[in-house]
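Engineer: Sharing start-v5.tsv here; it has TSV, C-alpha atoms.
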```tsv
chain	number	residue	atom	x	y	z
A	8	MET	CA	3.55	26.61	-22.40
A	9	SER	CA	5.73	24.58	-20.02
A	10	ILE	CA	6.02	20.81	-20.21
A	11	PHE	CA	4.15	20.63	-16.88
A	12	ASP	CA	1.23	22.63	-18.30
A	13	TRP	CA	1.19	20.49	-21.43
A	14	LEU	CA	1.21	17.24	-19.41
A	15	SER	CA	-1.54	18.55	-17.13
A	16	GLN	CA	-3.73	19.48	-20.08
A	17	ALA	CA	-3.06	16.14	-21.78
A	18	LEU	CA	-3.93	14.22	-18.61
A	19	MET	CA	-7.13	16.16	-18.01
A	20	SER	CA	-8.12	15.74	-21.64
A	21	ALA	CA	-7.48	11.99	-21.44
A	22	CYS	CA	-9.58	11.78	-18.26
A	23	GLY	CA	-12.33	13.92	-19.76
A	24	VAL	CA	-12.32	16.49	-16.94
A	25	GLU	CA	-11.92	20.25	-16.71
A	26	PRO	CA	-9.47	21.98	-14.37
A	27	THR	CA	-10.86	23.55	-11.23
A	28	PRO	CA	-10.76	27.35	-11.61
A	29	VAL	CA	-8.78	29.18	-8.93
A	30	GLU	CA	-9.10	32.90	-8.27
A	31	PRO	CA	-5.85	34.76	-9.01
A	32	GLY	CA	-4.01	35.58	-5.80
A	33	THR	CA	-5.62	32.72	-3.85
A	34	VAL	CA	-3.25	30.97	-1.48
A	35	LEU	CA	-3.86	27.23	-1.53
A	36	SER	CA	-2.69	24.72	1.06
A	37	PHE	CA	-0.43	21.92	-0.12
A	38	PHE	CA	-3.35	19.49	0.02
A	39	ASP	CA	-5.53	21.89	-1.98
A	40	MET	CA	-2.82	22.12	-4.63
A	41	LEU	CA	-2.62	18.33	-4.81
A	42	GLU	CA	-6.38	18.00	-5.09
A	43	GLN	CA	-6.61	20.61	-7.86
A	44	SER	CA	-3.67	19.19	-9.81
A	45	ALA	CA	-4.26	17.27	-13.03
A	46	VAL	CA	-3.78	13.97	-11.22
A	47	GLY	CA	-6.08	14.97	-8.35
A	48	THR	CA	-8.75	16.16	-10.76
A	49	CYS	CA	-8.55	12.96	-12.83
A	50	VAL	CA	-8.81	10.75	-9.76
A	51	SER	CA	-11.69	12.64	-8.18
A	52	GLN	CA	-13.72	13.65	-11.25
A	53	SER	CA	-13.21	11.07	-13.99
A	54	GLY	CA	-15.71	8.29	-14.30
A	55	SER	CA	-13.19	5.47	-14.17
A	56	GLY	CA	-9.88	6.83	-12.83
A	57	PHE	CA	-10.71	6.17	-9.19
A	58	TYR	CA	-11.91	2.63	-9.85
A	59	ILE	CA	-8.93	1.70	-12.01
A	60	LEU	CA	-6.57	2.88	-9.26
A	61	LEU	CA	-8.63	1.05	-6.65
A	62	ALA	CA	-8.29	-2.15	-8.70
A	63	PHE	CA	-4.48	-1.78	-8.77
A	64	HIS	CA	-4.55	-1.01	-5.04
A	65	SER	CA	-6.51	-4.19	-4.39
A	66	VAL	CA	-4.09	-6.30	-6.45
A	67	GLY	CA	-1.11	-4.83	-4.59
A	68	LEU	CA	-2.77	-5.49	-1.24
A	69	ALA	CA	-3.55	-9.07	-2.24
A	70	MET	CA	0.10	-9.58	-3.16
A	71	VAL	CA	1.46	-8.16	0.10
A	72	VAL	CA	-1.05	-9.75	2.44
A	73	GLY	CA	-1.18	-13.03	0.53
A	74	VAL	CA	2.58	-13.43	0.64
A	75	MET	CA	2.79	-12.50	4.30
A	76	MET	CA	-0.06	-14.84	5.26
A	77	VAL	CA	1.52	-17.79	3.42
A	78	THR	CA	4.93	-17.00	4.91
A	79	SER	CA	3.49	-16.59	8.39
A	80	MET	CA	1.48	-19.81	8.13
A	81	ARG	CA	4.69	-21.63	7.12
A	82	LEU	CA	6.49	-20.23	10.16
A	83	LEU	CA	3.57	-21.23	12.37
A	84	GLY	CA	3.96	-24.82	11.09
A	85	LEU	CA	0.79	-24.99	8.98
A	86	LEU	CA	2.23	-25.07	5.44
A	87	LYS	CA	5.22	-27.37	5.83
A	88	GLY	CA	5.19	-28.24	2.11
A	89	ILE	CA	6.65	-24.83	1.23
A	90	SER	CA	10.43	-25.02	1.13
A	91	ALA	CA	12.52	-22.66	3.20
A	92	SER	CA	14.39	-21.56	0.08
A	93	ALA	CA	11.15	-20.25	-1.47
A	94	LEU	CA	10.24	-17.96	1.42
A	95	PRO	CA	12.60	-15.03	0.63
A	96	LYS	CA	11.38	-15.19	-2.99
A	97	PHE	CA	7.80	-14.85	-1.75
A	98	VAL	CA	8.80	-11.75	0.19
A	99	THR	CA	10.18	-10.26	-3.04
A	100	ILE	CA	6.73	-10.70	-4.60
A	101	GLY	CA	5.28	-9.01	-1.51
A	102	TRP	CA	7.58	-6.03	-2.02
A	103	TRP	CA	6.35	-5.72	-5.62
A	104	GLY	CA	2.83	-5.65	-4.23
A	105	PHE	CA	3.86	-3.01	-1.72
A	106	TRP	CA	5.16	-0.75	-4.50
A	107	ILE	CA	2.00	-1.25	-6.56
A	108	ASN	CA	0.05	-0.29	-3.43
A	109	ALA	CA	2.29	2.68	-2.65
A	110	ILE	CA	1.98	4.16	-6.14
A	111	SER	CA	-1.76	3.57	-6.44
A	112	GLY	CA	-2.32	4.67	-2.83
A	113	VAL	CA	-0.46	7.96	-3.24
A	114	THR	CA	-2.35	8.61	-6.45
A	115	LEU	CA	-5.69	7.87	-4.74
A	116	PHE	CA	-4.64	10.17	-1.88
A	117	ILE	CA	-3.96	13.01	-4.34
A	118	GLY	CA	-7.63	12.79	-5.39
A	119	GLU	CA	-8.88	13.80	-1.94
A	120	PRO	CA	-6.00	14.64	0.39
A	121	ASN	CA	-7.94	16.94	2.72
A	122	LYS	CA	-10.63	14.34	3.37
A	123	MET	CA	-8.18	11.46	3.74
A	124	TRP	CA	-5.72	13.21	6.05
A	125	ALA	CA	-8.58	14.34	8.30
A	126	ASN	CA	-9.61	10.69	8.71
A	127	HIS	CA	-7.90	9.16	11.76
A	128	THR	CA	-8.46	5.65	10.43
A	129	PHE	CA	-6.44	6.51	7.31
A	130	ARG	CA	-3.53	7.65	9.44
A	131	TRP	CA	-3.76	4.45	11.52
A	132	LYS	CA	-3.63	2.44	8.29
A	133	LEU	CA	-0.44	4.23	7.22
A	134	PHE	CA	1.12	3.55	10.63
A	135	LEU	CA	0.16	-0.12	10.48
A	136	ILE	CA	1.59	-0.46	6.96
A	137	PHE	CA	4.87	1.00	8.22
A	138	ILE	CA	4.87	-1.52	11.12
A	139	GLY	CA	3.97	-4.37	8.75
A	140	MET	CA	6.71	-3.61	6.23
A	141	THR	CA	9.29	-3.11	8.99
A	142	SER	CA	8.25	-6.43	10.51
A	143	THR	CA	8.49	-8.07	7.07
A	144	SER	CA	12.03	-6.74	6.59
A	145	ILE	CA	13.11	-7.95	10.02
A	146	MET	CA	11.52	-11.38	9.45
A	147	ASN	CA	13.18	-11.69	6.05
A	148	LYS	CA	16.65	-10.80	7.33
A	149	SER	CA	16.58	-12.63	10.67
A	150	ILE	CA	14.60	-15.78	9.80
A	151	LEU	CA	13.78	-16.36	6.13
A	152	LYS	CA	17.16	-15.69	4.50
A	153	PRO	CA	19.14	-17.68	7.10
A	154	ALA	CA	16.64	-20.55	6.75
A	155	ALA	CA	16.95	-20.44	2.96
A	156	ALA	CA	20.73	-20.63	3.37
A	157	GLY	CA	20.37	-23.87	5.37
A	158	ASP	CA	19.74	-22.80	8.98
A	159	LEU	CA	16.37	-24.55	9.25
A	160	ASN	CA	16.35	-24.14	13.04
A	161	LYS	CA	15.40	-20.50	12.41
A	162	LEU	CA	12.00	-21.67	11.07
A	163	LEU	CA	11.26	-23.60	14.26
A	164	SER	CA	12.28	-20.94	16.77
A	165	GLY	CA	9.93	-19.25	19.15
A	166	SER	CA	11.01	-15.94	17.65
A	167	ALA	CA	9.84	-17.08	14.20
A	168	LYS	CA	6.44	-18.08	15.55
A	169	ALA	CA	6.09	-14.80	17.47
A	170	GLN	CA	7.04	-12.74	14.40
A	171	ALA	CA	4.64	-14.74	12.24
A	172	ALA	CA	1.74	-14.26	14.68
A	173	PHE	CA	2.53	-10.54	14.91
A	174	SER	CA	2.64	-10.30	11.10
A	175	VAL	CA	-0.79	-11.93	10.75
A	176	MET	CA	-2.28	-9.51	13.29
A	177	VAL	CA	-0.72	-6.43	11.68
A	178	TRP	CA	-1.79	-7.30	8.12
A	179	LEU	CA	-5.32	-8.15	9.23
A	180	ALA	CA	-5.41	-4.78	11.01
A	181	VAL	CA	-4.24	-3.07	7.79
A	182	ILE	CA	-7.12	-4.67	5.88
A	183	ILE	CA	-9.66	-3.75	8.57
A	184	THR	CA	-8.52	-0.13	8.87
A	185	GLY	CA	-8.40	0.18	5.08
A	186	ARG	CA	-12.01	-0.91	4.81
A	187	MET	CA	-13.09	1.26	7.75
A	188	ILE	CA	-11.78	4.44	6.10
A	189	ALA	CA	-14.98	4.61	4.05
A	190	TYR	CA	-17.17	4.33	7.15
A	191	LEU	CA	-15.32	6.22	9.88
A	192	HIS	CA	-14.70	9.92	9.45
```
What would the structure in this file look like if it were written as structure tokens?

Structural biologist:
Amino acid sequence: MSIFDWLSQALMSACGVEPTPVEPGTVLSFFDMLEQSAVGTCVSQSGSGFYILLAFHSVGLAMVVGVMMVTSMRLLGLLKGISASALPKFVTIGWWGFWINAISGVTLFIGEPNKMWANHTFRWKLFLIFIGMTSTSIMNKSILKPAAAGDLNKLLSGSAKAQAAFSVMVWLAVIITGRMIAYLH
């Protein structure tokens, strides 16, 4: 027995699920293989696996969106009590949330990849997350880090306000599309 087989059996045993039988000689798509893997089976068939992952996904989302909302509100002039030197540190917390979301999101995807990939709203969410994280990186490098280093004019620029407003719109769109996945097929 290979280490992969042993890990798969251990995971399925821990989740309390049985592997999905596959006819010998059957050619499975990549998504079918993901769905029938030990991880896919645990996510889709265990009583609590899906909900535990969803809880982690929610925490990660709260970290990313919370940080970006606070940062954006500071750039828009609403939270002036937050020091410029703290803003890049907030973004670091947001990146930790992103990685929690990425790991839990990929694992959730493995539970039902065919269904999720067929959902246009899911693909829009992925695109918006890419835009949001790219925007966050640009904002951090062009505004937040220079402001933390003493160039406070960066916080007051029109560019900072435009990037902050764009960030708010993108992250709200991520939340909306994420919620709509369950309702739009």

Engineer: Please identify all polymer residues lying at most 12 Å from the point (4.1, -5.0, 10.4) (file coordinates), using only C-alpha atoms, and present the result as JSON, numbers by chain.

Structural biologist: {"A": [71, 72, 75, 76, 79, 132, 133, 134, 135, 136, 137, 138, 139, 140, 141, 142, 143, 144, 145, 146, 170, 171, 172, 173, 174, 175, 176, 177, 178, 179, 180, 181]}

Engineer: Which residue, A:Asn126, A:Pro153, A:Pro120, A:Cys49, has the smallest gap to Leu94 in chain A when you use all atoms listed in the file?

Structural biologist: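 Using all atoms listed in the file, Leu94 in chain A sits closest to A:Pro153.
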
Engineer: How would you write as a ChimeraX atom specification the residues that get within 12 Å of (-5.3, 16.8, -8.6) in the file's frame, counting all atoms listed in the file?

Structural biologist: /A:15-16,18-19,22,24-27,37-53,56-57,113-121

Engineer: Considering only C-alpha atoms, can you say which of A:Lys152, A:Arg81, A:Lys122, A:Arg186 comes closest to Ser65 in chain A?

Structural biologist: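 Of A:Lys152, A:Arg81, A:Lys122, A:Arg186, the one nearest Ser65 in chain A, counting only C-alpha atoms, is A:Arg186.
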
Engineer: Kindly indicate which residue among A:Met123, A:Leu151, A:Val98, A:Val66 lies nearest to Leu191 in chain A, using all atoms listed in the file for the distances.

Structural biologist: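 Nearest to Leu191 in chain A: A:Met123.
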
Engineer: In Å to one decimal, how far is CA of Ala91 in chain A from CA of Ala155 in chain A?

Structural biologist: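 Straight-line distance from CA of Ala155 in chain A to CA of Ala91 in chain A works out to 5.0 Å.
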
Engineer: Within 7 Å of Gly104 in chain A, counting only C-alpha atoms, which residues show up once you throw out same-chain ones fewer than 6 positions away? Write them as a count of residues only, please.

Structural biologist: 4

Engineer: Extract, using only C-alpha atoms, all DNA, RNA and protein residues at most 7 Å from His64 in chain A, discarding same-chain residues fewer than 5 positions from it, and format them as a PDB file with C-alpha atoms, keeping the file's coordinate frame.

Structural biologist:
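Done, and the output landed in out-v4.pdb:
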```pdb
ATOM      1  CA  ILE A 107       2.000  -1.250  -6.560  1.00  0.00           C
ATOM      2  CA  ASN A 108       0.050  -0.290  -3.430  1.00  0.00           C
ATOM      3  CA  SER A 111      -1.760   3.570  -6.440  1.00  0.00           C
ATOM      4  CA  GLY A 112      -2.320   4.670  -2.830  1.00  0.00           C
TER       5      GLY A 112
END
```

Engineer: In Å, how far is it from CA of Leu163 in chain A to CA of Ile150 in chain A?

Structural biologist: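 Straight-line distance from CA of Leu163 in chain A to CA of Ile150 in chain A works out to 9.6 Å.
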
Engineer: For Leu61 in chain A, which of A:Ala169, A:Leu86, A:Met187, A:Ile110 is the closest residue, counting all atoms listed in the file?

Structural biologist: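 Nearest candidate to Leu61 in chain A out of A:Ala169, A:Leu86, A:Met187, A:Ile110: A:Ile110.
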
Engineer: Would you mind putting N, CA and C atoms back on range 87-122 of chain A and writing the result as a PDB file, in the frame of the given file?

Structural biologist:
```pdb
ATOM      1  N   LYS A  87       3.876 -26.794   5.821  1.00  0.00           N
ATOM      2  CA  LYS A  87       5.220 -27.370   5.830  1.00  0.00           C
ATOM      3  C   LYS A  87       5.696 -27.779   4.443  1.00  0.00           C
ATOM      4  N   GLY A  88       4.803 -27.858   3.466  1.00  0.00           N
ATOM      5  CA  GLY A  88       5.190 -28.240   2.110  1.00  0.00           C
ATOM      6  C   GLY A  88       5.936 -27.144   1.360  1.00  0.00           C
ATOM      7  N   ILE A  89       5.935 -25.932   1.877  1.00  0.00           N
ATOM      8  CA  ILE A  89       6.650 -24.830   1.230  1.00  0.00           C
ATOM      9  C   ILE A  89       8.089 -24.851   1.706  1.00  0.00           C
ATOM     10  N   SER A  90       9.007 -24.919   0.760  1.00  0.00           N
ATOM     11  CA  SER A  90      10.430 -25.020   1.130  1.00  0.00           C
ATOM     12  C   SER A  90      10.938 -23.706   1.706  1.00  0.00           C
ATOM     13  N   ALA A  91      11.914 -23.840   2.570  1.00  0.00           N
ATOM     14  CA  ALA A  91      12.520 -22.660   3.200  1.00  0.00           C
ATOM     15  C   ALA A  91      13.181 -21.762   2.157  1.00  0.00           C
ATOM     16  N   SER A  92      13.708 -22.366   1.099  1.00  0.00           N
ATOM     17  CA  SER A  92      14.390 -21.560   0.080  1.00  0.00           C
ATOM     18  C   SER A  92      13.426 -20.691  -0.720  1.00  0.00           C
ATOM     19  N   ALA A  93      12.141 -21.037  -0.728  1.00  0.00           N
ATOM     20  CA  ALA A  93      11.150 -20.250  -1.470  1.00  0.00           C
ATOM     21  C   ALA A  93      10.679 -19.016  -0.700  1.00  0.00           C
ATOM     22  N   LEU A  94      10.816 -19.030   0.603  1.00  0.00           N
ATOM     23  CA  LEU A  94      10.240 -17.960   1.420  1.00  0.00           C
ATOM     24  C   LEU A  94      10.793 -16.565   1.103  1.00  0.00           C
ATOM     25  N   PRO A  95      12.117 -16.374   0.993  1.00  0.00           N
ATOM     26  CA  PRO A  95      12.600 -15.030   0.630  1.00  0.00           C
ATOM     27  C   PRO A  95      12.109 -14.583  -0.755  1.00  0.00           C
ATOM     28  N   LYS A  96      11.913 -15.532  -1.661  1.00  0.00           N
ATOM     29  CA  LYS A  96      11.380 -15.190  -2.990  1.00  0.00           C
ATOM     30  C   LYS A  96       9.946 -14.712  -2.881  1.00  0.00           C
ATOM     31  N   PHE A  97       9.171 -15.321  -1.991  1.00  0.00           N
ATOM     32  CA  PHE A  97       7.800 -14.850  -1.750  1.00  0.00           C
ATOM     33  C   PHE A  97       7.808 -13.410  -1.261  1.00  0.00           C
ATOM     34  N   VAL A  98       8.726 -13.112  -0.361  1.00  0.00           N
ATOM     35  CA  VAL A  98       8.800 -11.750   0.190  1.00  0.00           C
ATOM     36  C   VAL A  98       9.100 -10.745  -0.919  1.00  0.00           C
ATOM     37  N   THR A  99       9.910 -11.143  -1.895  1.00  0.00           N
ATOM     38  CA  THR A  99      10.180 -10.260  -3.040  1.00  0.00           C
ATOM     39  C   THR A  99       8.885  -9.943  -3.781  1.00  0.00           C
ATOM     40  N   ILE A 100       8.041 -10.930  -3.963  1.00  0.00           N
ATOM     41  CA  ILE A 100       6.730 -10.700  -4.600  1.00  0.00           C
ATOM     42  C   ILE A 100       5.908  -9.745  -3.735  1.00  0.00           C
ATOM     43  N   GLY A 101       5.979  -9.920  -2.418  1.00  0.00           N
ATOM     44  CA  GLY A 101       5.280  -9.010  -1.510  1.00  0.00           C
ATOM     45  C   GLY A 101       5.742  -7.576  -1.637  1.00  0.00           C
ATOM     46  N   TRP A 102       7.058  -7.387  -1.831  1.00  0.00           N
ATOM     47  CA  TRP A 102       7.580  -6.030  -2.020  1.00  0.00           C
ATOM     48  C   TRP A 102       7.058  -5.423  -3.317  1.00  0.00           C
ATOM     49  N   TRP A 103       6.940  -6.231  -4.376  1.00  0.00           N
ATOM     50  CA  TRP A 103       6.350  -5.720  -5.620  1.00  0.00           C
ATOM     51  C   TRP A 103       4.923  -5.263  -5.366  1.00  0.00           C
ATOM     52  N   GLY A 104       4.185  -6.052  -4.591  1.00  0.00           N
ATOM     53  CA  GLY A 104       2.830  -5.650  -4.230  1.00  0.00           C
ATOM     54  C   GLY A 104       2.804  -4.376  -3.415  1.00  0.00           C
ATOM     55  N   PHE A 105       3.783  -4.236  -2.510  1.00  0.00           N
ATOM     56  CA  PHE A 105       3.860  -3.010  -1.720  1.00  0.00           C
ATOM     57  C   PHE A 105       4.031  -1.798  -2.623  1.00  0.00           C
ATOM     58  N   TRP A 106       4.921  -1.895  -3.623  1.00  0.00           N
ATOM     59  CA  TRP A 106       5.160  -0.750  -4.500  1.00  0.00           C
ATOM     60  C   TRP A 106       3.950  -0.456  -5.389  1.00  0.00           C
ATOM     61  N   ILE A 107       3.246  -1.479  -5.829  1.00  0.00           N
ATOM     62  CA  ILE A 107       2.000  -1.250  -6.560  1.00  0.00           C
ATOM     63  C   ILE A 107       1.024  -0.506  -5.653  1.00  0.00           C
ATOM     64  N   ASN A 108       0.936  -0.939  -4.404  1.00  0.00           N
ATOM     65  CA  ASN A 108       0.050  -0.290  -3.430  1.00  0.00           C
ATOM     66  C   ASN A 108       0.496   1.139  -3.126  1.00  0.00           C
ATOM     67  N   ALA A 109       1.792   1.339  -2.976  1.00  0.00           N
ATOM     68  CA  ALA A 109       2.290   2.680  -2.650  1.00  0.00           C
ATOM     69  C   ALA A 109       1.969   3.660  -3.772  1.00  0.00           C
ATOM     70  N   ILE A 110       2.229   3.261  -5.011  1.00  0.00           N
ATOM     71  CA  ILE A 110       1.980   4.160  -6.140  1.00  0.00           C
ATOM     72  C   ILE A 110       0.487   4.421  -6.307  1.00  0.00           C
ATOM     73  N   SER A 111      -0.312   3.366  -6.281  1.00  0.00           N
ATOM     74  CA  SER A 111      -1.760   3.570  -6.440  1.00  0.00           C
ATOM     75  C   SER A 111      -2.341   4.293  -5.229  1.00  0.00           C
ATOM     76  N   GLY A 112      -1.819   4.015  -4.037  1.00  0.00           N
ATOM     77  CA  GLY A 112      -2.320   4.670  -2.830  1.00  0.00           C
ATOM     78  C   GLY A 112      -2.020   6.158  -2.804  1.00  0.00           C
ATOM     79  N   VAL A 113      -0.808   6.527  -3.181  1.00  0.00           N
ATOM     80  CA  VAL A 113      -0.460   7.960  -3.240  1.00  0.00           C
ATOM     81  C   VAL A 113      -1.326   8.657  -4.276  1.00  0.00           C
ATOM     82  N   THR A 114      -1.535   8.004  -5.402  1.00  0.00           N
ATOM     83  CA  THR A 114      -2.350   8.610  -6.450  1.00  0.00           C
ATOM     84  C   THR A 114      -3.794   8.761  -5.982  1.00  0.00           C
ATOM     85  N   LEU A 115      -4.332   7.761  -5.307  1.00  0.00           N
ATOM     86  CA  LEU A 115      -5.690   7.870  -4.740  1.00  0.00           C
ATOM     87  C   LEU A 115      -5.744   9.002  -3.712  1.00  0.00           C
ATOM     88  N   PHE A 116      -4.705   9.110  -2.894  1.00  0.00           N
ATOM     89  CA  PHE A 116      -4.640  10.170  -1.880  1.00  0.00           C
ATOM     90  C   PHE A 116      -4.690  11.547  -2.530  1.00  0.00           C
ATOM     91  N   ILE A 117      -3.996  11.713  -3.658  1.00  0.00           N
ATOM     92  CA  ILE A 117      -3.960  13.010  -4.340  1.00  0.00           C
ATOM     93  C   ILE A 117      -5.361  13.430  -4.774  1.00  0.00           C
ATOM     94  N   GLY A 118      -6.251  12.467  -5.001  1.00  0.00           N
ATOM     95  CA  GLY A 118      -7.630  12.790  -5.390  1.00  0.00           C
ATOM     96  C   GLY A 118      -8.436  13.466  -4.300  1.00  0.00           C
ATOM     97  N   GLU A 119      -8.161  13.162  -3.049  1.00  0.00           N
ATOM     98  CA  GLU A 119      -8.880  13.800  -1.940  1.00  0.00           C
ATOM     99  C   GLU A 119      -8.016  13.863  -0.687  1.00  0.00           C
ATOM    100  N   PRO A 120      -6.932  14.613  -0.741  1.00  0.00           N
ATOM    101  CA  PRO A 120      -6.000  14.640   0.390  1.00  0.00           C
ATOM    102  C   PRO A 120      -6.575  15.264   1.661  1.00  0.00           C
ATOM    103  N   ASN A 121      -7.371  16.308   1.524  1.00  0.00           N
ATOM    104  CA  ASN A 121      -7.940  16.940   2.720  1.00  0.00           C
ATOM    105  C   ASN A 121      -8.837  15.972   3.476  1.00  0.00           C
ATOM    106  N   LYS A 122      -9.696  15.300   2.758  1.00  0.00           N
ATOM    107  CA  LYS A 122     -10.630  14.340   3.370  1.00  0.00           C
ATOM    108  C   LYS A 122      -9.869  13.165   3.977  1.00  0.00           C
TER     109      LYS A 122
END
```
